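input17.cif (mmCIF, C-alpha atoms)
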data_data
#
loop_
_atom_site.group_PDB
_atom_site.id
_atom_site.type_symbol
_atom_site.label_atom_id
_atom_site.label_comp_id
_atom_site.auth_asym_id
_atom_site.auth_seq_id
_atom_site.Cartn_x
_atom_site.Cartn_y
_atom_site.Cartn_z
ATOM 1 C CA MET H 29 0.000 0.000 0.000
ATOM 2 C CA LEU H 30 2.874 2.363 0.784
ATOM 3 C CA SER H 31 4.441 1.821 -2.644
ATOM 4 C CA LEU H 32 1.113 2.718 -4.277
ATOM 5 C CA PHE H 33 1.051 5.948 -2.267
ATOM 6 C CA PHE H 34 4.556 6.860 -3.481
ATOM 7 C CA LYS H 35 3.579 6.186 -7.099
ATOM 8 C CA CYS H 36 0.584 8.491 -6.706
ATOM 9 C CA LEU H 37 2.796 11.103 -5.080
ATOM 10 C CA ILE H 38 5.196 11.047 -8.044
ATOM 11 C CA GLY H 39 2.293 11.603 -10.442
ATOM 12 C CA ALA H 40 0.910 14.445 -8.345
ATOM 13 C CA MET H 41 4.330 16.127 -8.194
ATOM 14 C CA ALA H 42 4.627 15.909 -11.988
ATOM 15 C CA VAL H 43 1.193 17.500 -12.456
ATOM 16 C CA LEU H 44 2.055 20.262 -9.972
ATOM 17 C CA LEU H 45 5.346 20.979 -11.745
ATOM 18 C CA ILE H 46 3.584 21.118 -15.118
ATOM 19 C CA ALA H 47 0.995 23.561 -13.709
ATOM 20 C CA ILE H 48 3.693 25.804 -12.233
ATOM 21 C CA LEU H 49 5.820 25.774 -15.388
ATOM 22 C CA SER H 50 2.843 26.452 -17.656
ATOM 23 C CA LYS H 51 2.330 29.788 -15.881
ATOM 24 C CA SER H 52 5.982 30.835 -16.180
ATOM 25 C CA LYS H 53 7.635 32.663 -19.076
ATOM 26 C CA SER H 54 9.384 29.360 -19.854
ATOM 27 C CA PHE H 55 6.026 27.605 -20.296
ATOM 28 C CA PHE H 56 7.416 25.318 -23.017
ATOM 29 C CA ILE H 57 9.475 23.445 -20.390
ATOM 30 C CA ALA H 58 6.150 21.977 -19.201
ATOM 31 C CA GLY H 59 6.374 19.747 -22.286
ATOM 32 C CA LEU H 60 9.602 18.219 -20.966
ATOM 33 C CA VAL H 61 8.237 17.199 -17.564
ATOM 34 C CA PRO H 62 6.107 14.266 -18.828
ATOM 35 C CA LEU H 63 9.237 12.853 -20.428
ATOM 36 C CA PHE H 64 11.033 12.495 -17.096
ATOM 37 C CA PRO H 65 11.280 8.731 -16.677
ATOM 38 C CA SER H 66 9.499 8.541 -13.302
ATOM 39 C CA PHE H 67 7.006 5.909 -14.426
ATOM 40 C CA ALA H 68 9.617 4.196 -16.587
ATOM 41 C CA LEU H 69 11.837 3.860 -13.507
ATOM 42 C CA ILE H 70 8.980 2.230 -11.622
ATOM 43 C CA ALA H 71 8.156 -0.072 -14.549
ATOM 44 C CA HIS H 72 11.788 -1.026 -15.120
ATOM 45 C CA TYR H 73 12.346 -1.780 -11.444
ATOM 46 C CA ILE H 74 9.227 -3.951 -11.251
ATOM 47 C CA VAL H 75 9.959 -5.813 -14.503
ATOM 48 C CA ALA H 76 13.590 -6.513 -13.594
ATOM 49 C CA SER H 77 12.845 -7.519 -10.008
ATOM 50 C CA GLU H 78 9.900 -9.771 -10.919
ATOM 51 C CA ARG H 79 11.314 -11.189 -14.166
ATOM 52 C CA ASN H 80 14.949 -10.853 -15.263
ATOM 53 C CA MET H 81 17.432 -8.586 -17.049
ATOM 54 C CA GLU H 82 16.380 -9.918 -20.457
ATOM 55 C CA ALA H 83 12.833 -8.750 -19.718
ATOM 56 C CA LEU H 84 14.250 -5.366 -18.677
ATOM 57 C CA ARG H 85 16.122 -5.078 -21.984
ATOM 58 C CA SER H 86 12.967 -6.003 -23.909
ATOM 59 C CA THR H 87 10.956 -3.432 -21.945
ATOM 60 C CA ALA H 88 13.569 -0.741 -22.602
ATOM 61 C CA LEU H 89 13.623 -1.534 -26.325
ATOM 62 C CA PHE H 90 9.839 -1.386 -26.497
ATOM 63 C CA GLY H 91 10.059 1.943 -24.657
ATOM 64 C CA LEU H 92 12.277 3.276 -27.430
ATOM 65 C CA TYR H 93 9.771 2.197 -30.058
ATOM 66 C CA SER H 94 6.948 3.720 -28.011
ATOM 67 C CA LEU H 95 8.438 7.124 -28.757
ATOM 68 C CA LEU H 96 7.031 6.770 -32.290
ATOM 69 C CA PRO H 97 3.346 7.027 -31.235
ATOM 70 C CA TYR H 98 4.286 9.884 -28.902
ATOM 71 C CA ALA H 99 6.032 11.688 -31.769
ATOM 72 C CA ALA H 100 2.933 11.141 -33.926
ATOM 73 C CA TYR H 101 0.818 12.640 -31.129
ATOM 74 C CA LEU H 102 3.034 15.732 -30.904
ATOM 75 C CA ILE H 103 3.052 16.192 -34.677
ATOM 76 C CA ALA H 104 -0.748 15.884 -34.697
ATOM 77 C CA VAL H 105 -1.117 18.449 -31.875
ATOM 78 C CA TYR H 106 1.145 20.869 -33.731
ATOM 79 C CA HIS H 107 -0.618 20.373 -37.066
ATOM 80 C CA PHE H 108 -4.225 20.228 -35.826
ATOM 81 C CA SER H 109 -3.781 23.326 -33.659
ATOM 82 C CA TYR H 110 -3.772 25.422 -36.831
ATOM 83 C CA PHE H 111 -7.215 24.184 -37.863
ATOM 84 C CA PHE H 112 -9.222 23.046 -34.829
ATOM 85 C CA SER H 113 -10.260 24.144 -31.351
ATOM 86 C CA LEU H 114 -8.267 22.979 -28.326
ATOM 87 C CA THR H 115 -10.617 20.107 -27.534
ATOM 88 C CA THR H 116 -10.816 18.866 -31.121
ATOM 89 C CA THR H 117 -7.060 19.169 -31.497
ATOM 90 C CA LEU H 118 -6.322 17.133 -28.371
ATOM 91 C CA VAL H 119 -8.982 14.488 -29.010
ATOM 92 C CA SER H 120 -7.774 14.066 -32.597
ATOM 93 C CA ALA H 121 -4.148 13.840 -31.481
ATOM 94 C CA VAL H 122 -5.039 11.183 -28.895
ATOM 95 C CA LEU H 123 -6.780 9.211 -31.637
ATOM 96 C CA VAL H 124 -3.613 9.469 -33.755
ATOM 97 C CA TRP H 125 -1.621 8.205 -30.758
ATOM 98 C CA ALA H 126 -4.068 5.322 -30.220
ATOM 99 C CA VAL H 127 -3.850 4.215 -33.849
ATOM 100 C CA CYS H 128 -0.046 4.404 -33.843
ATOM 101 C CA ALA H 129 0.187 2.627 -30.470
ATOM 102 C CA SER H 130 -2.137 -0.127 -31.733
ATOM 103 C CA LEU H 131 0.020 -0.576 -34.820
ATOM 104 C CA LEU H 132 3.135 -0.705 -32.662
ATOM 105 C CA LEU H 133 1.597 -3.360 -30.395
ATOM 106 C CA ALA H 134 0.456 -5.421 -33.377
ATOM 107 C CA VAL H 135 3.868 -5.314 -35.044
ATOM 108 C CA TRP H 136 5.748 -5.907 -31.771
ATOM 109 C CA SER H 137 3.646 -8.897 -30.764
ATOM 110 C CA ARG H 138 4.156 -10.521 -34.188
ATOM 111 C CA THR H 139 7.882 -9.859 -34.570
ATOM 112 C CA MET H 140 9.476 -9.784 -31.132
ATOM 113 C CA ILE H 141 9.956 -12.816 -28.910
ATOM 114 C CA PRO H 142 8.859 -11.991 -25.354
ATOM 115 C CA ALA H 143 11.368 -12.461 -22.549
ATOM 116 C CA VAL H 144 10.755 -15.492 -20.383
#
Write the structure described by the file as C-alpha cells, please.
Amino acid sequence: MLSLFFKCLIGAMAVLLIAILSKSKSFFIAGLVPLFPSFALIAHYIVASERNMEALRSTALFGLYSLLPYAAYLIAVYHFSYFFSLTTTLVSAVLVWAVCASLLLAVWSRTMIPAV
C-alpha cells in the first residue's frame, strides 16, 4: 500500500510541476516534464525484479519504439492546432496516438519474442 502511495505522489508532483511551469515565461518546459522517466523507472524496477534482465532489456527496447506514437501525437497536436479548437485538437491527437500505439503493439507482438 505504501508503494502505491509513493507512485501516486510522483504523479501528483509531476502535475504540480507542469501547472507551475505552464504559468511561467518558460512555459514550453512543461512539455519536458512528462518525459522524465518517473514511471519508466517504476516499470523497469518492477519488470527486472519480478522477471529478469532480459525482460528489462525487452521493456527498454519497447520503450524506445513507443516514442514513435508519442512523436505522432506531438506532430498531430502541432498540425491540428492550426485548424481546430483545443478540444478537437487534443482528441484528434489522442486518436492518432491510439492508432499508432495499436500498430506498434500489433507489429511488436508478431515480430518480437517476449522475454521469459
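Taken over the shown file, the PyMOL selection byres ((chain H and resi 46) around 9) identifies Met41, Ala42, Val43, Leu44, Leu45, Ala47, Ile48, Leu49, Ser50, Lys51, Phe55, Ile57, Ala58, Gly59, Leu60, Val61 and Pro62 of chain H.
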Considering all atoms listed in the file, state which residue in the set H:Ile38, H:Ala134, H:Val122, H:Ala104 is at the smallest distance from Ile70 in chain H.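 Among H:Ile38, H:Ala134, H:Val122, H:Ala104, it is H:Ile38 that comes nearest to Ile70 in chain H.
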Using only C-alpha atoms, determine which residues lie at most 12 Å from Ser86 in chain H, disregarding the query and same-chain residues fewer than 2 positions distant; provide the list as a ChimeraX atom specification. /H:72,75-76,79-84,88-93,136-137,140-144
List the residues matched by the PyMOL selection byres ((chain H and resi 97) around 6) in the displayed structure as number ranges by chain, ordered by chain and then by residue number. H: 94-96, 98-100, 125, 128-129
Using only C-alpha atoms, please write the residues we just selected to a file, as a compact mmCIF listing (two decimals), in the coordinates of the input.
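Result written to out-v3.txt:
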# COMPACT_ATOMS: atom_id res chain seq x y z
CA SER H 94 6.95 3.72 -28.01
CA LEU H 95 8.44 7.12 -28.76
CA LEU H 96 7.03 6.77 -32.29
CA TYR H 98 4.29 9.88 -28.90
CA ALA H 99 6.03 11.69 -31.77
CA ALA H 100 2.93 11.14 -33.93
CA TRP H 125 -1.62 8.20 -30.76
CA CYS H 128 -0.05 4.40 -33.84
CA ALA H 129 0.19 2.63 -30.47
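Picture a line from CA of Tyr106 in chain H to CA of Ser120 in chain H; it runs 11.3 Å.
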Atom-to-atom span, CA of Phe64 in chain H and CA of Ser31 in chain H, Å: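 Here the two named atoms are 19.1 Å from each other.
As for CA of Lys35 in chain H and CA of Ala126 in chain H, they are spaced 24.4 Å apart.
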